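To be precise, the following lines are entry-v8.cif, and they hold mmCIF, N, CA and C atoms.
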data_data
loop_
_atom_site.label_atom_id
_atom_site.label_comp_id
_atom_site.auth_asym_id
_atom_site.auth_seq_id
_atom_site.Cartn_x
_atom_site.Cartn_y
_atom_site.Cartn_z
N MET A 1 -1.36 12.29 7.09
CA MET A 1 -2.54 12.30 6.26
C MET A 1 -3.04 10.86 6.10
N HIS A 2 -4.34 10.73 6.17
CA HIS A 2 -4.96 9.41 6.04
C HIS A 2 -5.56 9.27 4.64
N TYR A 3 -5.30 8.13 4.02
CA TYR A 3 -5.83 7.83 2.69
C TYR A 3 -6.47 6.45 2.72
N GLN A 4 -7.51 6.27 1.91
CA GLN A 4 -8.12 4.96 1.72
C GLN A 4 -8.13 4.67 0.23
N TYR A 5 -7.86 3.40 -0.09
CA TYR A 5 -7.83 2.97 -1.49
C TYR A 5 -8.62 1.68 -1.62
N ASN A 6 -9.62 1.68 -2.49
CA ASN A 6 -10.39 0.47 -2.79
C ASN A 6 -9.62 -0.34 -3.81
N THR A 7 -9.25 -1.55 -3.44
CA THR A 7 -8.45 -2.39 -4.32
C THR A 7 -9.31 -3.00 -5.42
N SER A 8 -8.64 -3.53 -6.42
CA SER A 8 -9.32 -4.18 -7.54
C SER A 8 -8.53 -5.42 -7.94
N GLY A 9 -9.22 -6.55 -8.08
CA GLY A 9 -8.58 -7.76 -8.56
C GLY A 9 -7.82 -8.55 -7.52
N THR A 10 -8.05 -8.24 -6.23
CA THR A 10 -7.34 -8.95 -5.16
C THR A 10 -8.32 -9.41 -4.09
N CYS A 11 -7.84 -10.26 -3.20
CA CYS A 11 -8.66 -10.71 -2.07
C CYS A 11 -8.90 -9.59 -1.08
N SER A 12 -7.92 -8.71 -0.92
CA SER A 12 -8.13 -7.56 -0.03
C SER A 12 -9.10 -6.59 -0.72
N ARG A 13 -9.84 -5.85 0.09
CA ARG A 13 -10.85 -4.94 -0.45
C ARG A 13 -10.48 -3.48 -0.30
N LEU A 14 -9.66 -3.18 0.70
CA LEU A 14 -9.40 -1.79 1.05
C LEU A 14 -8.01 -1.68 1.67
N ILE A 15 -7.34 -0.56 1.40
CA ILE A 15 -6.05 -0.28 2.03
C ILE A 15 -6.16 1.08 2.71
N ASP A 16 -5.85 1.11 4.01
CA ASP A 16 -5.76 2.36 4.77
C ASP A 16 -4.28 2.72 4.90
N ILE A 17 -3.95 3.95 4.54
CA ILE A 17 -2.56 4.38 4.53
C ILE A 17 -2.44 5.68 5.31
N GLU A 18 -1.43 5.74 6.18
CA GLU A 18 -1.11 6.96 6.91
C GLU A 18 0.28 7.42 6.47
N ILE A 19 0.36 8.67 6.00
CA ILE A 19 1.64 9.25 5.59
C ILE A 19 1.86 10.51 6.41
N ASN A 20 3.05 10.63 6.97
CA ASN A 20 3.40 11.81 7.75
C ASN A 20 3.53 13.00 6.80
N PRO A 21 2.73 14.04 6.98
CA PRO A 21 2.77 15.17 6.04
C PRO A 21 4.07 15.95 6.08
N GLU A 22 4.77 15.92 7.21
CA GLU A 22 6.03 16.67 7.32
C GLU A 22 7.20 15.93 6.67
N SER A 23 7.33 14.65 7.00
CA SER A 23 8.49 13.89 6.50
C SER A 23 8.18 13.18 5.19
N GLY A 24 6.89 12.95 4.91
CA GLY A 24 6.51 12.24 3.69
C GLY A 24 6.72 10.74 3.76
N VAL A 25 6.98 10.19 4.95
CA VAL A 25 7.19 8.75 5.08
C VAL A 25 5.89 8.07 5.51
N ILE A 26 5.80 6.80 5.17
CA ILE A 26 4.63 5.99 5.51
C ILE A 26 4.70 5.64 7.00
N GLU A 27 3.62 5.94 7.71
CA GLU A 27 3.56 5.64 9.14
C GLU A 27 2.80 4.35 9.41
N ASP A 28 1.81 4.02 8.56
CA ASP A 28 1.01 2.83 8.80
C ASP A 28 0.30 2.42 7.51
N VAL A 29 0.18 1.11 7.31
CA VAL A 29 -0.59 0.55 6.20
C VAL A 29 -1.39 -0.61 6.75
N ARG A 30 -2.71 -0.60 6.53
CA ARG A 30 -3.57 -1.68 6.97
C ARG A 30 -4.47 -2.11 5.82
N PHE A 31 -4.52 -3.41 5.58
CA PHE A 31 -5.36 -3.99 4.54
C PHE A 31 -6.62 -4.57 5.18
N THR A 32 -7.75 -4.45 4.49
CA THR A 32 -8.99 -5.10 4.89
C THR A 32 -9.21 -6.26 3.94
N GLY A 33 -9.35 -7.46 4.49
CA GLY A 33 -9.47 -8.66 3.67
C GLY A 33 -8.10 -9.17 3.28
N GLY A 34 -8.08 -10.28 2.57
CA GLY A 34 -6.82 -10.85 2.11
C GLY A 34 -6.15 -11.72 3.14
N CYS A 35 -4.91 -12.06 2.90
CA CYS A 35 -4.11 -12.93 3.76
C CYS A 35 -3.54 -12.12 4.92
N HIS A 36 -4.19 -12.19 6.05
CA HIS A 36 -3.92 -11.30 7.18
C HIS A 36 -2.44 -11.24 7.57
N GLY A 37 -1.82 -12.38 7.77
CA GLY A 37 -0.42 -12.40 8.20
C GLY A 37 0.51 -11.78 7.18
N ASN A 38 0.35 -12.15 5.92
CA ASN A 38 1.20 -11.60 4.86
C ASN A 38 1.02 -10.10 4.73
N LEU A 39 -0.22 -9.65 4.83
CA LEU A 39 -0.48 -8.22 4.66
C LEU A 39 -0.03 -7.41 5.86
N GLN A 40 -0.06 -8.00 7.05
CA GLN A 40 0.53 -7.34 8.22
C GLN A 40 2.03 -7.19 7.99
N GLY A 41 2.65 -8.21 7.43
CA GLY A 41 4.08 -8.17 7.15
C GLY A 41 4.42 -7.07 6.16
N ILE A 42 3.64 -6.95 5.10
CA ILE A 42 3.89 -5.88 4.12
C ILE A 42 3.77 -4.53 4.81
N GLY A 43 2.72 -4.36 5.62
CA GLY A 43 2.55 -3.09 6.33
C GLY A 43 3.74 -2.76 7.22
N ALA A 44 4.26 -3.76 7.92
CA ALA A 44 5.41 -3.54 8.79
C ALA A 44 6.67 -3.20 7.98
N LEU A 45 6.84 -3.85 6.85
CA LEU A 45 8.04 -3.62 6.03
C LEU A 45 8.09 -2.25 5.38
N VAL A 46 6.93 -1.67 5.08
CA VAL A 46 6.93 -0.38 4.38
C VAL A 46 6.93 0.81 5.33
N LYS A 47 6.71 0.58 6.63
CA LYS A 47 6.74 1.69 7.59
C LYS A 47 8.11 2.36 7.55
N GLY A 48 8.08 3.69 7.54
CA GLY A 48 9.32 4.45 7.55
C GLY A 48 9.91 4.71 6.17
N LEU A 49 9.29 4.13 5.13
CA LEU A 49 9.78 4.34 3.76
C LEU A 49 9.00 5.45 3.08
N LYS A 50 9.60 6.06 2.10
CA LYS A 50 8.92 7.04 1.25
C LYS A 50 8.06 6.27 0.25
N PRO A 51 6.93 6.83 -0.14
CA PRO A 51 6.07 6.16 -1.12
C PRO A 51 6.82 5.75 -2.39
N GLU A 52 7.72 6.58 -2.87
CA GLU A 52 8.46 6.27 -4.09
C GLU A 52 9.27 4.98 -3.97
N GLN A 53 9.84 4.75 -2.79
CA GLN A 53 10.61 3.54 -2.56
C GLN A 53 9.72 2.31 -2.62
N VAL A 54 8.53 2.41 -2.03
CA VAL A 54 7.60 1.29 -2.00
C VAL A 54 7.07 1.01 -3.41
N ILE A 55 6.72 2.05 -4.14
CA ILE A 55 6.24 1.90 -5.52
C ILE A 55 7.27 1.16 -6.35
N GLU A 56 8.52 1.58 -6.25
CA GLU A 56 9.61 0.97 -7.02
C GLU A 56 9.75 -0.52 -6.71
N ARG A 57 9.58 -0.90 -5.46
CA ARG A 57 9.78 -2.28 -5.05
C ARG A 57 8.58 -3.19 -5.34
N LEU A 58 7.36 -2.64 -5.27
CA LEU A 58 6.17 -3.49 -5.31
C LEU A 58 5.39 -3.44 -6.62
N LYS A 59 5.59 -2.41 -7.41
CA LYS A 59 4.81 -2.26 -8.64
C LYS A 59 5.05 -3.44 -9.58
N GLY A 60 3.94 -4.00 -10.08
CA GLY A 60 4.03 -5.06 -11.07
C GLY A 60 4.05 -6.47 -10.51
N ILE A 61 4.07 -6.62 -9.19
CA ILE A 61 4.04 -7.96 -8.60
C ILE A 61 2.66 -8.57 -8.86
N LYS A 62 2.64 -9.81 -9.28
CA LYS A 62 1.39 -10.50 -9.57
C LYS A 62 1.16 -11.62 -8.55
N CYS A 63 -0.10 -11.96 -8.35
CA CYS A 63 -0.48 -13.05 -7.45
C CYS A 63 -1.04 -14.19 -8.30
N GLY A 64 -0.29 -15.28 -8.41
CA GLY A 64 -0.74 -16.41 -9.23
C GLY A 64 -0.98 -15.97 -10.65
N ASN A 65 -2.16 -16.27 -11.18
CA ASN A 65 -2.47 -15.89 -12.56
C ASN A 65 -3.25 -14.58 -12.64
N LYS A 66 -3.38 -13.88 -11.52
CA LYS A 66 -4.06 -12.58 -11.51
C LYS A 66 -3.16 -11.52 -12.14
N ALA A 67 -3.77 -10.47 -12.63
CA ALA A 67 -3.02 -9.38 -13.25
C ALA A 67 -2.39 -8.45 -12.22
N THR A 68 -2.73 -8.61 -10.95
CA THR A 68 -2.25 -7.73 -9.89
C THR A 68 -2.06 -8.54 -8.61
N SER A 69 -1.74 -7.87 -7.53
CA SER A 69 -1.58 -8.49 -6.21
C SER A 69 -1.81 -7.42 -5.16
N CYS A 70 -1.87 -7.82 -3.91
CA CYS A 70 -2.01 -6.83 -2.84
C CYS A 70 -0.82 -5.87 -2.80
N PRO A 71 0.43 -6.35 -2.93
CA PRO A 71 1.54 -5.41 -2.98
C PRO A 71 1.45 -4.45 -4.18
N ASP A 72 1.05 -4.97 -5.34
CA ASP A 72 0.88 -4.12 -6.52
C ASP A 72 -0.22 -3.09 -6.29
N GLN A 73 -1.31 -3.49 -5.62
CA GLN A 73 -2.39 -2.55 -5.33
C GLN A 73 -1.92 -1.46 -4.37
N LEU A 74 -1.02 -1.79 -3.43
CA LEU A 74 -0.45 -0.77 -2.56
C LEU A 74 0.37 0.21 -3.38
N ALA A 75 1.15 -0.30 -4.33
CA ALA A 75 1.92 0.58 -5.22
C ALA A 75 0.98 1.49 -6.02
N CYS A 76 -0.12 0.96 -6.49
CA CYS A 76 -1.11 1.76 -7.23
C CYS A 76 -1.69 2.86 -6.34
N ALA A 77 -2.03 2.49 -5.11
CA ALA A 77 -2.58 3.47 -4.17
C ALA A 77 -1.58 4.58 -3.93
N LEU A 78 -0.34 4.23 -3.68
CA LEU A 78 0.69 5.24 -3.41
C LEU A 78 0.95 6.11 -4.62
N SER A 79 0.86 5.54 -5.82
CA SER A 79 1.02 6.32 -7.06
C SER A 79 -0.09 7.36 -7.17
N GLN A 80 -1.31 6.98 -6.84
CA GLN A 80 -2.43 7.94 -6.88
C GLN A 80 -2.24 9.04 -5.86
N ILE A 81 -1.79 8.69 -4.66
CA ILE A 81 -1.57 9.67 -3.61
C ILE A 81 -0.50 10.66 -4.04
N LYS A 82 0.56 10.15 -4.63
CA LYS A 82 1.71 10.95 -5.04
C LYS A 82 1.35 11.97 -6.11
N ASP A 83 0.43 11.59 -7.01
CA ASP A 83 0.09 12.47 -8.13
C ASP A 83 -0.77 13.60 -7.75
#
Can you present the structure in this file as structure tokens?
Amino acid sequence: MHYQYNTSGTCSRLIDIEINPESGVIEDVRFTGGCHGNLQGIGALVKGLKPEQVIERLKGIKCGNKATSCPDQLACALSQIKD
């Protein structure tokens, strides 16, 4: 299943997420905008994980003095998908 999430409060603007409907694991995550190399790394690290695992690890991470971060926004997106 393909999902799109419009981010808020970060340099990235959009997150595209692919989740395998049978296994429930993340197959791909792509960010639009933001720090390209870092966000490619996050996408690679979360492949093969269940959304719950990613939410647990990334929720609440902040970027500098911002209230959120790209990893936190991914956790928010996955929380919305899960609900």
6.5 Å contact set for Lys50 of chain A, only N, CA and C atoms, chain neighbours under 6 positions out, as a ChimeraX atom specification: /A:24-26
Output the selection as a compact mmCIF listing (two decimals), in the coordinates of the input - N, CA and C atoms for each residue.
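What follows is the written file result_4.txt:
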# COMPACT_ATOMS: atom_id res chain seq x y z
N GLY A 24 6.89 12.95 4.91
CA GLY A 24 6.51 12.24 3.69
C GLY A 24 6.72 10.74 3.76
N VAL A 25 6.98 10.19 4.95
CA VAL A 25 7.19 8.75 5.08
C VAL A 25 5.89 8.07 5.51
N ILE A 26 5.80 6.80 5.17
CA ILE A 26 4.63 5.99 5.51
C ILE A 26 4.70 5.64 7.00
Would you pick out the contacts of Tyr5 of chain A at 6 Å or less, using only N, CA and C atoms, so that residues sharing its chain but fewer than 3 positions from it are not included, and give the list as a ChimeraX atom specification? /A:13-16,77
Exercise: segment 42-46 of chain A partners within 7 Å, only N, CA and C atoms, chain neighbours under 2 positions left out, as number ranges by chain: A: 26-30, 37-40, 48-50, 54
Would you please give, as a PyMOL selection string, all residues of chain A that DSSP assigns to strand (DSSP E) based on the backbone? chain A and resi 2-6+12-19+26-33
Just-selected residues, N, CA and C atoms written as a PDB file, keeping the file's coordinate frame:
ATOM      1  N   HIS A   2      -4.340  10.730   6.170  1.00  0.00           N
ATOM      2  CA  HIS A   2      -4.960   9.410   6.040  1.00  0.00           C
ATOM      3  C   HIS A   2      -5.560   9.270   4.640  1.00  0.00           C
ATOM      4  N   TYR A   3      -5.300   8.130   4.020  1.00  0.00           N
ATOM      5  CA  TYR A   3      -5.830   7.830   2.690  1.00  0.00           C
ATOM      6  C   TYR A   3      -6.470   6.450   2.720  1.00  0.00           C
ATOM      7  N   GLN A   4      -7.510   6.270   1.910  1.00  0.00           N
ATOM      8  CA  GLN A   4      -8.120   4.960   1.720  1.00  0.00           C
ATOM      9  C   GLN A   4      -8.130   4.670   0.230  1.00  0.00           C
ATOM     10  N   TYR A   5      -7.860   3.400  -0.090  1.00  0.00           N
ATOM     11  CA  TYR A   5      -7.830   2.970  -1.490  1.00  0.00           C
ATOM     12  C   TYR A   5      -8.620   1.680  -1.620  1.00  0.00           C
ATOM     13  N   ASN A   6      -9.620   1.680  -2.490  1.00  0.00           N
ATOM     14  CA  ASN A   6     -10.390   0.470  -2.790  1.00  0.00           C
ATOM     15  C   ASN A   6      -9.620  -0.340  -3.810  1.00  0.00           C
ATOM     16  N   SER A  12      -7.920  -8.710  -0.920  1.00  0.00           N
ATOM     17  CA  SER A  12      -8.130  -7.560  -0.030  1.00  0.00           C
ATOM     18  C   SER A  12      -9.100  -6.590  -0.720  1.00  0.00           C
ATOM     19  N   ARG A  13      -9.840  -5.850   0.090  1.00  0.00           N
ATOM     20  CA  ARG A  13     -10.850  -4.940  -0.450  1.00  0.00           C
ATOM     21  C   ARG A  13     -10.480  -3.480  -0.300  1.00  0.00           C
ATOM     22  N   LEU A  14      -9.660  -3.180   0.700  1.00  0.00           N
ATOM     23  CA  LEU A  14      -9.400  -1.790   1.050  1.00  0.00           C
ATOM     24  C   LEU A  14      -8.010  -1.680   1.670  1.00  0.00           C
ATOM     25  N   ILE A  15      -7.340  -0.560   1.400  1.00  0.00           N
ATOM     26  CA  ILE A  15      -6.050  -0.280   2.030  1.00  0.00           C
ATOM     27  C   ILE A  15      -6.160   1.080   2.710  1.00  0.00           C
ATOM     28  N   ASP A  16      -5.850   1.110   4.010  1.00  0.00           N
ATOM     29  CA  ASP A  16      -5.760   2.360   4.770  1.00  0.00           C
ATOM     30  C   ASP A  16      -4.280   2.720   4.900  1.00  0.00           C
ATOM     31  N   ILE A  17      -3.950   3.950   4.540  1.00  0.00           N
ATOM     32  CA  ILE A  17      -2.560   4.380   4.530  1.00  0.00           C
ATOM     33  C   ILE A  17      -2.440   5.680   5.310  1.00  0.00           C
ATOM     34  N   GLU A  18      -1.430   5.740   6.180  1.00  0.00           N
ATOM     35  CA  GLU A  18      -1.110   6.960   6.910  1.00  0.00           C
ATOM     36  C   GLU A  18       0.280   7.420   6.470  1.00  0.00           C
ATOM     37  N   ILE A  19       0.360   8.670   6.000  1.00  0.00           N
ATOM     38  CA  ILE A  19       1.640   9.250   5.590  1.00  0.00           C
ATOM     39  C   ILE A  19       1.860  10.510   6.410  1.00  0.00           C
ATOM     40  N   ILE A  26       5.800   6.800   5.170  1.00  0.00           N
ATOM     41  CA  ILE A  26       4.630   5.990   5.510  1.00  0.00           C
ATOM     42  C   ILE A  26       4.700   5.640   7.000  1.00  0.00           C
ATOM     43  N   GLU A  27       3.620   5.940   7.710  1.00  0.00           N
ATOM     44  CA  GLU A  27       3.560   5.640   9.140  1.00  0.00           C
ATOM     45  C   GLU A  27       2.800   4.350   9.410  1.00  0.00           C
ATOM     46  N   ASP A  28       1.810   4.020   8.560  1.00  0.00           N
ATOM     47  CA  ASP A  28       1.010   2.830   8.800  1.00  0.00           C
ATOM     48  C   ASP A  28       0.300   2.420   7.510  1.00  0.00           C
ATOM     49  N   VAL A  29       0.180   1.110   7.310  1.00  0.00           N
ATOM     50  CA  VAL A  29      -0.590   0.550   6.200  1.00  0.00           C
ATOM     51  C   VAL A  29      -1.390  -0.610   6.750  1.00  0.00           C
ATOM     52  N   ARG A  30      -2.710  -0.600   6.530  1.00  0.00           N
ATOM     53  CA  ARG A  30      -3.570  -1.680   6.970  1.00  0.00           C
ATOM     54  C   ARG A  30      -4.470  -2.110   5.820  1.00  0.00           C
ATOM     55  N   PHE A  31      -4.520  -3.410   5.580  1.00  0.00           N
ATOM     56  CA  PHE A  31      -5.360  -3.990   4.540  1.00  0.00           C
ATOM     57  C   PHE A  31      -6.620  -4.570   5.180  1.00  0.00           C
ATOM     58  N   THR A  32      -7.750  -4.450   4.490  1.00  0.00           N
ATOM     59  CA  THR A  32      -8.990  -5.100   4.890  1.00  0.00           C
ATOM     60  C   THR A  32      -9.210  -6.260   3.940  1.00  0.00           C
ATOM     61  N   GLY A  33      -9.350  -7.460   4.490  1.00  0.00           N
ATOM     62  CA  GLY A  33      -9.470  -8.660   3.670  1.00  0.00           C
ATOM     63  C   GLY A  33      -8.100  -9.170   3.280  1.00  0.00           C
TER      64      GLY A  33
END
Using all atoms listed in the file, which residue out of A:Pro51, A:Gly33, A:Thr7, A:Ile61 lies closest to Leu78 of chain A?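 That would be A:Pro51, the residue with the smallest distance to Leu78 of chain A.
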Hits of the PyMOL selection byres (((chain A and resi 3 and name CA) around 7) and name CA) in this structure, as an MDAnalysis selection string: chainID A and resid 1:2 4:5 16:18
Include N, CA and C atoms and write out the residues we just selected as a short mmCIF file (atom, residue, chain, number, x, y, z; two decimals), in the coordinates of the input.
data_model
loop_
_atom_site.label_atom_id
_atom_site.label_comp_id
_atom_site.auth_asym_id
_atom_site.auth_seq_id
_atom_site.Cartn_x
_atom_site.Cartn_y
_atom_site.Cartn_z
N MET A 1 -1.36 12.29 7.09
CA MET A 1 -2.54 12.30 6.26
C MET A 1 -3.04 10.86 6.10
N HIS A 2 -4.34 10.73 6.17
CA HIS A 2 -4.96 9.41 6.04
C HIS A 2 -5.56 9.27 4.64
N GLN A 4 -7.51 6.27 1.91
CA GLN A 4 -8.12 4.96 1.72
C GLN A 4 -8.13 4.67 0.23
N TYR A 5 -7.86 3.40 -0.09
CA TYR A 5 -7.83 2.97 -1.49
C TYR A 5 -8.62 1.68 -1.62
N ASP A 16 -5.85 1.11 4.01
CA ASP A 16 -5.76 2.36 4.77
C ASP A 16 -4.28 2.72 4.90
N ILE A 17 -3.95 3.95 4.54
CA ILE A 17 -2.56 4.38 4.53
C ILE A 17 -2.44 5.68 5.31
N GLU A 18 -1.43 5.74 6.18
CA GLU A 18 -1.11 6.96 6.91
C GLU A 18 0.28 7.42 6.47
#
Quick check, in Å to one decimal: how far apart do atom C of Gly9 of chain A and atom CA of Glu56 of chain A lie?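 Distance reported for this atom pair: 19.9 Å.
Take atom N of Ser23 of chain A and atom CA of Lys47 of chain A: the distance between them is 13.0 Å.
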Rank nothing, just name the residue among A:Cys11, A:Cys35, A:Ile19, A:Leu58 nearest to Cys76 of chain A, using all atoms listed in the file.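 Ranking A:Cys11, A:Cys35, A:Ile19, A:Leu58 by distance to Cys76 of chain A, first place goes to A:Leu58.
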So which one's closest to Cys70 of chain A, A:Asn20, A:Lys82, A:Gln53, A:Phe31? Using only C-alpha atoms, please.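 Of the candidates, the smallest distance to Cys70 of chain A is held by A:Phe31.
The interatomic distance for the pair atom N of Thr68 of chain A and atom CA of Ser8 of chain A works out to 8.6 Å.
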